[in-house]
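Note: the block below is upload-v7.cif and it holds mmCIF, C-alpha atoms.
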data_work
#
loop_
_atom_site.label_atom_id
_atom_site.label_comp_id
_atom_site.auth_asym_id
_atom_site.auth_seq_id
_atom_site.Cartn_x
_atom_site.Cartn_y
_atom_site.Cartn_z
CA MET M 743 6.10 6.47 -8.31
CA ILE M 744 6.11 5.31 -4.68
CA PHE M 745 4.18 2.12 -4.10
CA LEU M 746 2.60 1.84 -0.68
CA PHE M 747 0.42 -0.74 0.96
CA SER M 748 -1.44 -0.34 4.20
CA GLY M 749 -3.35 -2.45 6.66
CA GLY M 750 -5.24 -1.68 9.78
CA GLY M 751 -7.90 -2.55 12.26
CA ILE M 752 -9.64 -1.67 15.48
CA ILE M 753 -8.98 -2.77 19.04
CA ILE M 754 -12.00 -3.45 21.23
CA LEU M 755 -11.56 -3.94 24.95
CA GLY M 756 -14.21 -6.44 25.98
CA THR M 757 -17.69 -7.58 25.02
CA ASP M 758 -19.47 -4.43 26.20
CA GLU M 759 -17.28 -2.23 24.00
CA LYS M 760 -17.84 -4.57 21.07
CA GLN M 761 -21.58 -4.02 21.37
CA VAL M 762 -21.14 -0.24 21.60
CA TRP M 763 -18.97 0.04 18.50
CA SER M 764 -21.10 -2.43 16.58
CA ARG M 765 -24.18 -0.28 17.22
CA LYS M 766 -22.41 2.93 16.19
CA TYR M 767 -20.94 1.47 13.04
CA SER M 768 -24.19 -0.27 12.13
CA LYS M 769 -26.06 3.03 12.50
CA ALA M 770 -23.59 4.77 10.16
CA GLU M 771 -23.95 1.98 7.60
CA LYS M 772 -27.74 2.11 7.84
CA ASP M 773 -27.73 5.87 7.16
CA ILE M 774 -25.57 5.38 4.08
CA ARG M 775 -27.71 2.54 2.74
CA LEU M 776 -30.85 4.62 3.15
CA LYS M 777 -29.26 7.51 1.29
CA LYS M 778 -27.97 5.26 -1.49
CA GLY M 779 -31.24 3.37 -1.71
CA VAL M 780 -29.65 -0.06 -1.28
CA ASP M 781 -30.54 -2.95 1.01
CA LYS M 782 -28.49 -4.93 3.53
CA SER M 783 -27.09 -7.21 0.84
CA TYR M 784 -25.02 -4.30 -0.52
CA GLU M 785 -21.62 -4.54 1.16
CA LEU M 786 -20.27 -1.16 2.22
CA LYS M 787 -16.61 -1.91 1.62
CA ALA M 788 -14.19 0.92 0.88
CA THR M 789 -14.08 -0.01 -2.80
CA HIS M 790 -17.87 0.29 -3.11
CA ILE M 791 -18.55 3.73 -1.64
CA THR M 792 -17.63 7.40 -2.04
CA ASN M 793 -14.97 9.28 -0.08
CA SER M 794 -17.72 11.16 1.75
CA GLU M 795 -19.35 7.89 2.80
CA LYS M 796 -16.00 6.49 3.89
CA GLY M 797 -15.51 9.60 6.01
CA LYS M 798 -18.87 9.07 7.73
CA LEU M 799 -18.01 5.47 8.56
CA PHE M 800 -14.55 6.42 9.81
CA ARG M 801 -15.96 9.17 12.04
CA SER M 802 -18.30 6.66 13.66
CA LEU M 803 -15.10 5.06 15.02
CA ASN M 804 -13.58 8.33 16.28
CA LYS M 805 -13.08 7.24 19.90
CA CYS M 806 -12.33 3.63 19.09
CA TYR M 807 -8.68 2.53 19.33
CA LYS M 808 -7.29 1.86 15.88
CA PHE M 809 -4.00 0.56 14.49
CA THR M 810 -2.50 0.89 11.03
CA VAL M 811 0.69 0.06 9.20
CA VAL M 812 2.05 1.66 6.04
CA ALA M 813 4.91 0.07 4.12
CA GLN M 814 6.87 1.42 1.20
CA GLN M 815 7.46 -1.44 -1.19
CA LYS M 816 10.60 -0.03 -2.79
CA LYS M 817 12.35 -0.27 0.59
CA ILE M 818 11.47 -3.95 0.96
CA LEU M 819 13.59 -6.66 -0.64
CA SER M 820 12.11 -7.17 -4.09
CA GLY M 821 12.22 -10.94 -3.77
CA ILE M 822 9.62 -10.82 -1.01
CA PHE M 823 6.94 -9.61 -3.39
CA ASN M 824 7.95 -11.91 -6.24
CA ASN M 825 6.76 -14.96 -4.32
CA LYS M 826 3.18 -15.29 -3.14
CA LYS M 827 4.06 -17.12 0.07
CA SER M 828 6.88 -14.80 1.10
CA LYS M 829 4.64 -11.81 0.36
CA GLN M 830 1.92 -13.26 2.61
CA ARG M 831 4.47 -13.84 5.38
CA TYR M 832 5.57 -10.23 5.18
CA LEU M 833 1.97 -8.97 5.28
CA ASP M 834 1.33 -11.17 8.32
CA PHE M 835 4.50 -9.83 9.95
CA ALA M 836 3.38 -6.25 9.29
CA PHE M 837 -0.03 -6.99 10.80
CA LYS M 838 1.51 -8.56 13.90
CA ILE M 839 3.92 -5.68 14.49
CA ALA M 840 1.18 -3.08 13.99
CA VAL M 841 -0.97 -4.82 16.61
CA LYS M 842 1.94 -5.16 19.01
CA ARG M 843 2.89 -1.48 18.77
CA ALA M 844 -0.75 -0.52 19.35
CA PHE M 845 -0.92 -2.69 22.47
CA GLU M 846 2.36 -1.23 23.72
CA ASN M 847 0.90 2.25 23.29
CA LEU M 848 -2.22 1.29 25.25
CA LEU M 849 -0.02 -0.12 28.03
CA LYS M 850 2.20 2.95 28.07
CA ASN M 851 -0.83 5.22 28.49
CA ASN M 852 -2.36 2.99 31.20
CA ILE M 853 -5.44 2.30 29.09
CA ILE M 854 -4.97 -1.42 29.66
CA SER M 855 -3.03 -3.44 32.22
CA ALA M 856 -0.92 -6.34 30.99
CA GLN M 857 -1.91 -8.46 34.00
CA ASN M 858 -5.60 -8.11 33.17
CA VAL M 859 -5.37 -9.33 29.58
CA GLU M 860 -6.24 -13.03 29.59
CA ARG M 861 -7.48 -13.59 26.04
CA LEU M 862 -6.91 -12.06 22.62
CA TYR M 863 -9.34 -12.62 19.78
CA PHE M 864 -8.29 -11.71 16.25
CA TYR M 865 -10.92 -11.41 13.51
CA VAL M 866 -9.32 -11.21 10.07
CA ASP M 867 -10.79 -10.85 6.60
CA GLU M 868 -10.64 -14.33 5.08
CA HIS M 869 -9.53 -12.86 1.75
CA THR M 870 -6.30 -11.43 3.16
CA THR M 871 -4.53 -14.67 4.06
CA ALA M 872 -3.98 -17.80 1.99
CA THR M 873 -5.40 -20.99 3.48
CA ASN M 874 -2.00 -22.63 3.93
CA GLY M 875 -0.72 -19.56 5.77
CA ARG M 876 -3.43 -19.37 8.42
CA TYR M 877 -1.74 -21.74 10.84
CA GLU M 878 1.51 -19.80 10.49
CA LEU M 879 -0.19 -16.51 11.39
CA LYS M 880 -1.89 -17.99 14.46
CA GLU M 881 1.38 -19.54 15.60
CA SER M 882 3.21 -16.24 15.07
CA LEU M 883 0.61 -14.32 17.10
CA GLU M 884 0.83 -16.87 19.91
CA GLN M 885 4.62 -16.62 19.96
CA GLU M 886 4.52 -12.84 20.06
CA PHE M 887 1.81 -12.35 22.66
CA ARG M 888 1.71 -15.52 24.72
CA TYR M 889 5.04 -17.34 24.70
CA GLY M 890 7.67 -14.79 23.70
CA THR M 891 10.13 -14.79 20.82
CA PHE M 892 13.84 -15.29 20.11
CA ASN M 893 15.89 -13.32 17.66
CA ARG M 894 17.18 -15.18 14.62
CA ASP M 895 20.30 -16.65 16.19
CA TYR M 896 18.47 -17.48 19.46
CA SER M 897 20.91 -15.40 21.49
CA LYS M 898 18.19 -13.18 22.98
CA PHE M 899 14.72 -13.90 24.27
CA TYR M 900 11.92 -11.32 24.14
CA PRO M 901 9.19 -12.07 26.67
CA PRO M 902 5.55 -11.56 25.68
CA ILE M 903 3.95 -8.25 26.63
CA PHE M 904 1.03 -10.17 28.18
CA GLU M 905 2.71 -12.71 30.44
CA THR M 906 -0.56 -13.96 31.98
CA LEU M 907 -2.27 -14.50 28.62
CA ASN M 908 -4.21 -17.77 28.49
CA GLU M 909 -5.47 -17.85 24.93
CA VAL M 910 -4.94 -16.42 21.46
CA GLU M 911 -7.81 -17.09 19.07
CA LEU M 912 -7.68 -16.33 15.35
CA LYS M 913 -10.86 -16.37 13.27
CA TYR M 914 -11.22 -15.69 9.56
CA CYS M 915 -14.39 -13.87 8.58
CA ASN M 916 -16.25 -12.86 5.46
CA SER M 917 -16.39 -9.06 5.50
CA GLU M 918 -19.77 -9.16 3.77
CA SER M 919 -21.33 -10.71 6.86
CA THR M 920 -19.01 -9.38 9.59
CA LEU M 921 -19.66 -5.78 10.56
CA LEU M 922 -16.45 -4.85 12.36
CA VAL M 923 -14.23 -6.52 9.75
CA ARG M 924 -15.69 -3.99 7.32
CA ALA M 925 -14.83 -1.29 9.86
CA ALA M 926 -11.20 -2.45 9.84
CA ASP M 927 -11.21 -2.19 6.04
CA ILE M 928 -12.39 1.43 6.29
CA VAL M 929 -9.58 2.27 8.75
CA ALA M 930 -6.91 0.85 6.43
CA ASN M 931 -8.39 2.59 3.40
CA LYS M 932 -8.62 5.97 5.17
CA VAL M 933 -4.98 5.89 6.24
CA PHE M 934 -3.86 4.78 2.79
CA TYR M 935 -5.74 7.67 1.18
CA LEU M 936 -4.39 10.30 3.57
CA GLU M 937 -0.84 8.95 3.36
CA ASN M 938 -0.98 9.52 -0.38
CA ASN M 939 -2.98 12.76 -0.44
CA ASP M 940 -2.93 14.67 2.86
CA ARG M 941 -0.27 13.65 5.37
CA GLU M 942 -0.90 16.74 7.50
CA LYS M 943 -4.50 15.70 8.03
CA LEU M 944 -3.31 12.17 8.80
CA LYS M 945 -1.28 13.56 11.71
CA GLU M 946 -4.42 15.11 13.19
CA ILE M 947 -6.39 11.89 13.48
CA ARG M 948 -6.76 10.73 17.07
CA ASN M 949 -6.80 7.22 18.49
CA VAL M 950 -4.86 5.79 15.55
CA ASN M 951 -1.56 4.08 16.25
CA LEU M 952 0.27 4.34 12.92
CA ILE M 953 3.60 2.70 12.20
CA TYR M 954 5.77 2.65 9.10
CA LEU M 955 7.71 -0.32 7.74
CA PRO M 956 10.43 -1.13 7.09
#

Could you write out this structure as structure tokens?
Amino acid sequence: MIFLFSGGGIIILGTDEKQVWSRKYSKAEKDIRLKKGVDKSYELKATHITNSEKGKLFRSLNKCYKFTVVAQQKKILSGIFNNKKSKQRYLDFAFKIAVKRAFENLLKNNIISAQNVERLYFYVDEHTTATNGRYELKESLEQEFRYGTFNRDYSKFYPPIFETLNEVELKYCNSESTLLVRAADIVANKVFYLENNDREKLKEIRNVNLIYLP
């Protein structure tokens, strides 16, 4: 058996876009709740709904920029997953690299300009990162996108892709009360399902920057 894990999210370019995608996703959720006969207190996470309902939610994000990462555990050093802290560090690393590759793709296709990106706001499900690892993730994101990074022996410096970036903000959210964090959960779940069941269909999905690790 091949053990995979996946993560993902959406990239929203500015406040106006955030409002647009929030309305679209909220409408899709409302339709599903009406059909299921449940109220707003029922959280529409991937684990709570049918594949058909997941598909409806995912389609509401069709033109939204999305990023995902799929990792095959058997190719990762076994010791990483034997320790809770080292596992969390690897998951944070995978998240950071997935976001970076998505940004690089947006830059390559002239969808964004590096000089115009002044702030990055990350909204992460509070259940995905241990409390004592939150500072480490924020620091890692700042190093990658604001200050630049060195390789392990400090012999080479990699400048940040956004050299005029002024701020990196990281906020942990409860998916039950945060609409677009639930949307990110649906993206990750959709890719995980297709990776395991229909890789040809996975290749057809647009606006998803998918990377594989290691």

Quiz item: Do you know which residues the PyMOL selection byres ((chain M and resi 806) around 9) returns on this file, as a ChimeraX atom specification?
Solution: /M:752-754,763,802-805,807-808,949-950

Quiz item: Can you list what the PyMOL selection byres ((chain M and resi 867) around 12) grabs from this structure, as number ranges by chain?
Solution: M: 749-751, 787, 864-866, 868-873, 876, 912-927

Exercise. List the neighbours of M:Glu884 out to 9 Å using only C-alpha atoms; skip same-chain residues closer than 6 positions along the sequence, and give me the result as a VMD selection string.
Key: chain M and resid 890 909 to 911

Exercise. For atom CA of M:Asn852 and atom CA of M:Glu905, determine how far apart the two atoms are, in Å to one decimal place.
Key: 16.5 Å

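Proximity of M:Ala788, M:Val812, M:Ile928, M:Leu955 to M:Ser748, computed with all atoms listed in the file, is greatest for M:Val812.
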
Quiz item: How would you write, as JSON, numbers by chain, the residues chosen by the PyMOL selection byres ((chain M and resi 756) around 12) on this structure?
Solution: {"M": [753, 754, 755, 757, 758, 759, 760, 761, 762, 763, 854, 858, 859, 860, 861, 862, 863]}

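You can rank M:Glu937, M:Phe899, M:Tyr954, M:Thr906 by their closest distance to M:Phe837 using only C-alpha atoms, and at the top of that list sits M:Tyr954.
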
Quiz item: In Å to one decimal, how far is atom CA of M:Gln815 from atom CA of M:Lys842?
Solution: 21.3 Å

Quiz prompt | Separation of atom CA of M:Phe892 from atom CA of M:Glu846, in Å and rounded to one decimal | solution = 18.5 Å

Quiz item: Which of these, M:Ser882, M:Ser855, M:Phe809, M:Ala844, has the shortest distance to M:Tyr832 once you count all atoms listed in the file?
Solution: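 So, comparing all the options, the nearest one is M:Ser882.
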